[in-house]
$ cat run_30.cif   # mmCIF, C-alpha atoms
data_entry
#
loop_
_atom_site.label_atom_id
_atom_site.label_comp_id
_atom_site.auth_asym_id
_atom_site.auth_seq_id
_atom_site.Cartn_x
_atom_site.Cartn_y
_atom_site.Cartn_z
CA MET F 1 -131.17 -21.38 142.71
CA GLN F 2 -128.45 -22.68 140.37
CA LYS F 3 -125.81 -22.45 143.07
CA LEU F 4 -128.04 -24.34 145.48
CA LYS F 5 -128.40 -27.15 142.94
CA TYR F 6 -124.82 -27.41 141.72
CA THR F 7 -122.40 -26.16 144.38
CA SER F 8 -119.92 -28.90 145.29
CA ASN F 9 -117.68 -29.49 148.32
CA LEU F 10 -120.60 -29.36 150.74
CA THR F 11 -120.65 -31.24 154.01
CA THR F 12 -123.35 -33.82 154.72
CA GLN F 13 -125.20 -31.28 156.91
CA GLU F 14 -124.97 -28.61 154.24
CA LYS F 15 -126.30 -30.97 151.54
CA HIS F 16 -129.22 -31.79 153.83
CA ILE F 17 -129.97 -28.07 154.25
CA VAL F 18 -129.79 -27.50 150.47
CA ASP F 19 -132.18 -30.39 149.80
CA TYR F 20 -134.56 -29.02 152.42
CA ILE F 21 -134.55 -25.55 150.83
CA LEU F 22 -134.94 -26.86 147.27
CA LYS F 23 -138.08 -28.75 148.28
CA ASP F 24 -139.67 -25.48 149.45
CA PRO F 25 -137.55 -22.34 148.81
CA GLU F 26 -140.14 -20.12 150.47
CA VAL F 27 -139.19 -21.57 153.85
CA VAL F 28 -136.13 -19.30 153.69
CA PHE F 29 -138.30 -16.18 153.40
CA HIS F 30 -140.24 -16.98 156.56
CA SER F 31 -137.44 -18.26 158.79
CA THR F 32 -134.49 -16.78 160.62
CA ALA F 33 -131.14 -18.59 160.43
CA HIS F 34 -131.84 -20.00 163.91
CA GLU F 35 -135.31 -21.24 162.90
CA LEU F 36 -134.02 -22.83 159.69
CA GLY F 37 -131.29 -24.51 161.73
CA GLN F 38 -133.93 -25.99 164.03
CA GLN F 39 -136.05 -27.18 161.09
CA THR F 40 -133.07 -28.93 159.48
CA PHE F 41 -131.69 -30.25 162.80
CA THR F 42 -128.50 -28.25 162.29
CA SER F 43 -127.56 -24.82 163.68
CA ALA F 44 -127.62 -21.14 162.77
CA SER F 45 -123.82 -21.13 162.39
CA THR F 46 -124.04 -24.03 159.89
CA ILE F 47 -126.69 -22.09 157.93
CA VAL F 48 -124.46 -18.99 157.81
CA ARG F 49 -121.41 -21.02 156.70
CA LEU F 50 -123.48 -22.52 153.87
CA CYS F 51 -124.66 -19.06 152.80
CA LYS F 52 -121.05 -17.87 152.55
CA LYS F 53 -120.09 -20.96 150.53
CA LEU F 54 -122.85 -19.99 148.11
CA GLY F 55 -121.18 -16.60 147.59
CA THR F 56 -123.36 -14.40 149.80
CA ARG F 57 -122.31 -12.26 152.77
CA GLY F 58 -124.54 -14.08 155.23
CA TYR F 59 -128.10 -15.25 155.78
CA PRO F 60 -129.92 -11.91 155.15
CA ASP F 61 -128.02 -11.45 151.88
CA PHE F 62 -128.83 -15.07 150.93
CA GLN F 63 -132.54 -14.50 151.68
CA LEU F 64 -132.59 -11.43 149.43
CA LYS F 65 -130.80 -13.02 146.49
CA LEU F 66 -132.87 -16.19 146.69
CA ALA F 67 -136.09 -14.18 146.89
CA LEU F 68 -135.27 -12.14 143.80
CA ASP F 69 -134.16 -15.19 141.80
CA TYR F 70 -137.03 -17.40 142.94
CA ARG F 71 -139.78 -14.84 142.32
CA GLN F 72 -138.48 -14.04 138.84
CA LYS F 73 -138.23 -17.70 137.85
CA THR F 74 -141.70 -18.44 139.26
CA SER F 75 -143.23 -15.56 137.33
CA ALA F 76 -141.46 -16.53 134.11
CA LEU F 77 -142.84 -20.07 134.35
CA GLN F 78 -146.41 -18.80 134.43
CA SER F 79 -146.44 -17.89 130.73
CA ASP F 80 -144.89 -18.87 127.39
CA HIS F 81 -145.59 -15.51 125.75
CA THR F 82 -143.22 -12.54 125.71
CA VAL F 83 -145.83 -10.04 126.83
CA GLU F 84 -146.87 -12.22 129.74
CA ALA F 85 -143.23 -12.79 130.62
CA GLU F 86 -142.75 -9.03 130.81
CA ARG F 87 -145.77 -8.84 133.07
CA GLY F 88 -144.14 -11.56 135.11
CA ASP F 89 -141.14 -9.29 135.73
CA VAL F 90 -143.49 -6.63 137.07
CA LEU F 91 -145.24 -9.21 139.24
CA ALA F 92 -141.87 -10.36 140.52
CA ALA F 93 -141.03 -6.77 141.43
CA ILE F 94 -144.37 -6.41 143.26
CA GLU F 95 -143.31 -9.32 145.45
CA SER F 96 -139.60 -8.54 145.67
CA VAL F 97 -139.52 -4.81 146.39
CA PRO F 98 -141.33 -5.01 149.78
CA TYR F 99 -139.00 -7.85 150.73
CA LEU F 100 -136.01 -5.78 149.65
CA TYR F 101 -137.21 -2.86 151.77
CA GLN F 102 -137.85 -5.11 154.76
CA GLN F 103 -134.38 -6.66 154.54
CA ALA F 104 -132.80 -3.20 154.45
CA LEU F 105 -134.83 -2.12 157.48
CA ASN F 106 -134.07 -5.29 159.42
CA ASP F 107 -130.36 -5.07 158.63
CA THR F 108 -130.23 -1.42 159.68
CA ARG F 109 -132.27 -2.03 162.82
CA SER F 110 -129.95 -4.84 163.91
CA THR F 111 -127.02 -2.38 164.04
CA LEU F 112 -128.84 0.37 165.94
CA ASN F 113 -127.41 1.51 169.26
CA ALA F 114 -130.18 3.02 171.38
CA SER F 115 -127.90 5.13 173.60
CA LYS F 116 -126.16 6.53 170.52
CA LEU F 117 -129.49 7.47 168.92
CA VAL F 118 -130.67 9.12 172.14
CA ARG F 119 -127.44 11.14 172.23
CA ILE F 120 -127.80 12.26 168.60
CA ALA F 121 -131.49 13.08 169.13
CA GLU F 122 -130.41 15.30 172.03
CA TRP F 123 -127.93 17.03 169.72
CA VAL F 124 -130.78 17.66 167.27
CA LYS F 125 -132.89 19.13 170.06
CA ASN F 126 -130.11 21.47 171.24
CA SER F 127 -128.91 22.57 167.81
CA THR F 128 -129.75 25.93 166.27
CA ARG F 129 -129.50 24.45 162.80
CA ILE F 130 -129.05 21.10 161.05
CA ASP F 131 -126.84 20.68 157.97
CA ILE F 132 -126.97 17.49 155.90
CA TYR F 133 -124.32 16.87 153.24
CA GLY F 134 -124.66 14.33 150.46
CA SER F 135 -123.76 14.10 146.78
CA ASP F 136 -125.82 12.70 143.89
CA MET F 137 -128.70 10.56 145.17
CA ASN F 138 -127.75 11.23 148.79
CA TYR F 139 -128.41 14.94 148.28
CA TYR F 140 -132.07 14.17 147.53
CA LEU F 141 -132.29 12.01 150.64
CA ALA F 142 -130.83 14.94 152.58
CA GLN F 143 -133.48 17.23 151.10
CA GLN F 144 -136.27 14.90 152.23
CA ALA F 145 -134.93 14.79 155.78
CA CYS F 146 -134.53 18.59 155.88
CA THR F 147 -138.06 19.17 154.56
CA LYS F 148 -139.53 17.17 157.45
CA TRP F 149 -137.50 19.03 160.08
CA ASN F 150 -138.33 22.40 158.52
CA GLU F 151 -142.04 21.57 158.79
CA LEU F 152 -141.50 21.30 162.56
CA GLY F 153 -139.83 24.70 162.64
CA ILE F 154 -136.37 23.18 162.99
CA SER F 155 -133.94 24.90 160.60
CA ALA F 156 -132.34 22.30 158.32
CA ILE F 157 -130.46 22.70 155.03
CA ALA F 158 -129.21 20.11 152.53
CA HIS F 159 -125.85 20.61 150.77
CA ASN F 160 -124.80 18.70 147.65
CA ASP F 161 -121.09 19.51 147.84
CA ALA F 162 -118.41 20.76 150.24
CA ASN F 163 -119.74 24.36 150.06
CA ARG F 164 -116.30 25.66 151.03
CA HIS F 165 -117.30 29.33 151.41
CA TYR F 166 -120.02 28.40 153.92
CA LEU F 167 -117.73 26.08 155.84
CA LEU F 168 -114.88 28.58 155.98
CA THR F 169 -117.10 31.35 157.36
CA MET F 170 -118.78 29.14 159.97
CA LYS F 171 -117.93 30.16 163.54
CA PRO F 172 -115.97 27.60 165.61
CA GLY F 173 -118.07 25.89 168.28
CA SER F 174 -121.30 26.66 166.42
CA ALA F 175 -124.47 24.94 167.66
CA THR F 176 -125.02 23.58 164.15
CA LEU F 177 -125.31 19.78 163.94
CA SER F 178 -123.98 18.23 160.74
CA PHE F 179 -124.78 14.88 159.09
CA VAL F 180 -122.61 13.62 156.23
CA ILE F 181 -123.94 10.81 153.99
CA SER F 182 -121.69 8.47 152.00
CA HIS F 183 -122.54 4.80 151.55
CA THR F 184 -118.91 3.76 151.07
CA GLY F 185 -117.59 6.38 153.48
CA GLU F 186 -114.84 7.24 151.01
CA ASN F 187 -116.47 9.98 148.91
CA ARG F 188 -113.71 12.60 148.62
CA SER F 189 -116.05 15.57 148.75
CA MET F 190 -117.78 14.29 151.89
CA VAL F 191 -114.47 13.45 153.58
CA GLU F 192 -113.36 17.03 152.84
CA VAL F 193 -116.55 18.35 154.46
CA VAL F 194 -115.80 16.42 157.64
CA ARG F 195 -112.18 17.62 157.69
CA MET F 196 -113.31 21.23 157.55
CA LEU F 197 -116.04 20.71 160.15
CA ASN F 198 -113.57 19.11 162.54
CA ASP F 199 -111.53 22.28 162.43
CA LYS F 200 -114.63 24.05 163.80
CA ASN F 201 -114.92 21.74 166.84
CA MET F 202 -118.49 20.64 166.07
CA ASN F 203 -120.52 17.43 166.38
CA VAL F 204 -120.58 15.60 163.05
CA VAL F 205 -122.52 12.38 162.37
CA ALA F 206 -121.47 10.02 159.60
CA VAL F 207 -124.29 8.16 157.84
CA THR F 208 -122.42 5.35 156.12
CA GLY F 209 -122.27 1.61 155.50
CA SER F 210 -118.92 0.97 157.17
CA ASN F 211 -117.50 1.62 160.63
CA ASP F 212 -114.02 1.23 159.15
CA SER F 213 -114.39 3.94 156.51
CA THR F 214 -112.47 7.22 156.44
CA LEU F 215 -115.73 9.08 157.04
CA SER F 216 -116.69 7.05 160.09
CA ARG F 217 -113.25 7.36 161.69
CA SER F 218 -113.33 11.14 161.24
CA CYS F 219 -116.80 11.86 162.69
CA THR F 220 -118.04 12.27 166.25
CA GLU F 221 -120.63 9.50 165.81
CA THR F 222 -121.64 7.04 163.10
CA LEU F 223 -125.07 5.78 162.04
CA LEU F 224 -124.64 2.57 160.06
CA THR F 225 -126.72 2.05 156.94
CA HIS F 226 -127.52 -1.19 155.15
CA GLY F 227 -124.31 -2.67 153.72
CA TYR F 228 -123.55 -1.11 150.35
CA ASN F 229 -122.06 -3.21 147.55
CA GLU F 230 -121.39 -1.51 144.21
CA GLN F 231 -121.55 -4.87 142.42
CA LEU F 232 -125.18 -5.45 143.43
CA ARG F 233 -127.60 -3.49 141.25
CA LEU F 234 -130.24 -3.28 143.98
CA SER F 235 -127.83 -2.29 146.72
CA LYS F 236 -128.37 1.41 146.09
CA MET F 237 -132.13 0.98 146.58
CA SER F 238 -131.58 -0.79 149.89
CA SER F 239 -129.19 1.92 151.06
CA MET F 240 -131.75 4.63 150.26
CA VAL F 241 -134.36 2.90 152.42
CA SER F 242 -131.81 2.51 155.20
CA VAL F 243 -130.85 6.21 155.20
CA LEU F 244 -134.47 7.36 155.22
CA TYR F 245 -135.21 5.01 158.12
CA LEU F 246 -132.39 6.48 160.22
CA PHE F 247 -133.44 10.06 159.59
CA ASP F 248 -137.09 9.25 160.23
CA ILE F 249 -136.18 7.83 163.65
CA LEU F 250 -134.60 11.17 164.54
CA TYR F 251 -137.52 13.04 162.96
CA MET F 252 -140.03 11.11 165.09
CA SER F 253 -138.02 12.05 168.16
CA SER F 254 -138.15 15.67 167.05
CA ILE F 255 -141.94 15.50 166.75
CA THR F 256 -142.14 14.41 170.38
CA ASP F 257 -139.92 17.32 171.41
CA ALA F 258 -141.80 19.86 169.27
CA TYR F 259 -145.26 18.89 170.45
#

$ encode --input "run_30.cif" --output "structure tokens"
Amino acid sequence: MQKLKYTSNLTTQEKHIVDYILKDPEVVFHSTAHELGQQTFTSASTIVRLCKKLGTRGYPDFQLKLALDYRQKTSALQSDHTVEAERGDVLAAIESVPYLYQQALNDTRSTLNASKLVRIAEWVKNSTRIDIYGSDMNYYLAQQACTKWNELGISAIAHNDANRHYLLTMKPGSATLSFVISHTGENRSMVEVVRMLNDKNMNVVAVTGSNDSTLSRSCTETLLTHGYNEQLRLSKMSSMVSVLYLFDILYMSSITDAY
């Protein structure tokens, strides 16, 4: 909100857009970049350029940051007492978290490639076992995905490190399908996993936020998650939602195959 009010070096069109948003910030939450461009008699590209001038990565990132800032300020204005202000933070979270989830889902969905997902779903169907590798928080996401597949009678195991002994004893050409999760795609342990799997001539799917990462370049296929930014405190939450969404798509496909 402060950047909207005080950012300089804006064009006449951009100033008009800023004034339009400041009159009713919630218009941003209910409009796409194209729709906001129509409402302000500008264009989607002008909206995106403005968002980048304001220090965000694009319109979805601008929507998220404005929503979090706006909801928190609105809640704080509702009370002059500390206790009520603390309640306001909770109320802001009630409003912001669903929006955060939705943005992560929309961002992930926009990068989906249907033919790629069909191909990976076929790999799942034809595999004798599924391995999912992930460290720290990603290990728990891997466990959730494996639990669902195991309930369908599909053998799936989560690994929280390189598990070198297991990888070294794995037979080349095995019908095991492996997923490797790393939001940055540069986690050393996960990159090592992929290197060892490649020596076995197996299909390996990277689940990562960047197509240009070491992990993505080393895997057979890549499923892109919501963009991960270590400087944004809520980025990890968005990435979690994104990963679960991708695995649930494949799980739903497995349900169809199983029943």

$ resolve_selection --input "run_30.cif" --expression "the PyMOL selection byres ((chain F and resi 250-256) around 9)" --output "list in words"
Leu117, Val118, Ile120, Ala121, Val124, Lys125, Ala145, Lys148, Trp149, Leu152, Ile154, Tyr245, Leu246, Phe247, Asp248, Ile249, Asp257, Ala258 and Tyr259 of chain F

$ residues_around --input "run_30.cif" --residues "F:Gly173" --least-positions-apart "3" --cutoff "7 Å" --atoms "all atoms listed in the file" --output "NGL selection string"
:F and (200-202)

$ closest_residue --input "run_30.cif" --among "F:Tyr166, F:Leu36, F:Lys23, F:Arg49" --to "F:Leu10" --atoms "only C-alpha atoms"
F:Arg49

$ closest_residue --input "run_30.cif" --among "F:Asn211, F:Gln63, F:Ser155, F:Thr169" --to "F:Glu26" --atoms "all atoms listed in the file"
F:Gln63

$ residues_around --input "run_30.cif" --residues "F:Gly58" --least-positions-apart "5" --cutoff "8 Å" --atoms "all atoms listed in the file" --output "PyMOL selection string"
chain F and resi 48-49+51-52

$ residues_around --input "run_30.cif" --residues "F:Lys65" --least-positions-apart "6" --cutoff "10 Å" --atoms "all atoms listed in the file" --output "list in words"
Met1, Thr56, Tyr59, Ser96, Leu100 and Leu232 of chain F

$ resolve_selection --input "run_30.cif" --expression "the PyMOL selection byres ((chain F and resi 47) around 12)" --output "ChimeraX atom specification"
/F:10-11,13-18,20-21,28,31-46,48-54,56-60,62-63

$ residues_near_point --input "run_30.cif" --point "(-129.7, 4.7, 156.8)" --cutoff "7 Å" --atoms "all atoms listed in the file" --output "list in words"
Thr108, Val207, Leu224, Thr225, His226, Ser239, Met240, Val241, Ser242, Val243, Leu244, Tyr245 and Leu246 of chain F

$ closest_residue --input "run_30.cif" --among "F:Thr7, F:Gln144, F:Asn150, F:Ser135" --to "F:Ile181" --atoms "all atoms listed in the file"
F:Ser135

$ closest_residue --input "run_30.cif" --among "F:Met196, F:Val191, F:Val97, F:Met170" --to "F:Arg217" --atoms "only C-alpha atoms"
F:Val191

$ atom_distance --input "run_30.cif" --atom1 "atom CA of F:Pro98" --atom2 "atom CA of F:Leu141"
19.3 Å

$ closest_residue --input "run_30.cif" --among "F:Met190, F:Leu64, F:Ala142, F:Leu197" --to "F:Ser238" --atoms "all atoms listed in the file"
F:Leu64

$ atom_distance --input "run_30.cif" --atom1 "atom CA of F:Ala104" --atom2 "atom CA of F:His30"
15.8 Å

$ closest_residue --input "run_30.cif" --among "F:Ser178, F:Asn113, F:Ser218, F:Asn187" --to "F:Val204" --atoms "only C-alpha atoms"
F:Ser178

$ atom_distance --input "run_30.cif" --atom1 "atom CA of F:Asp161" --atom2 "atom CA of F:Ser213"
19.0 Å
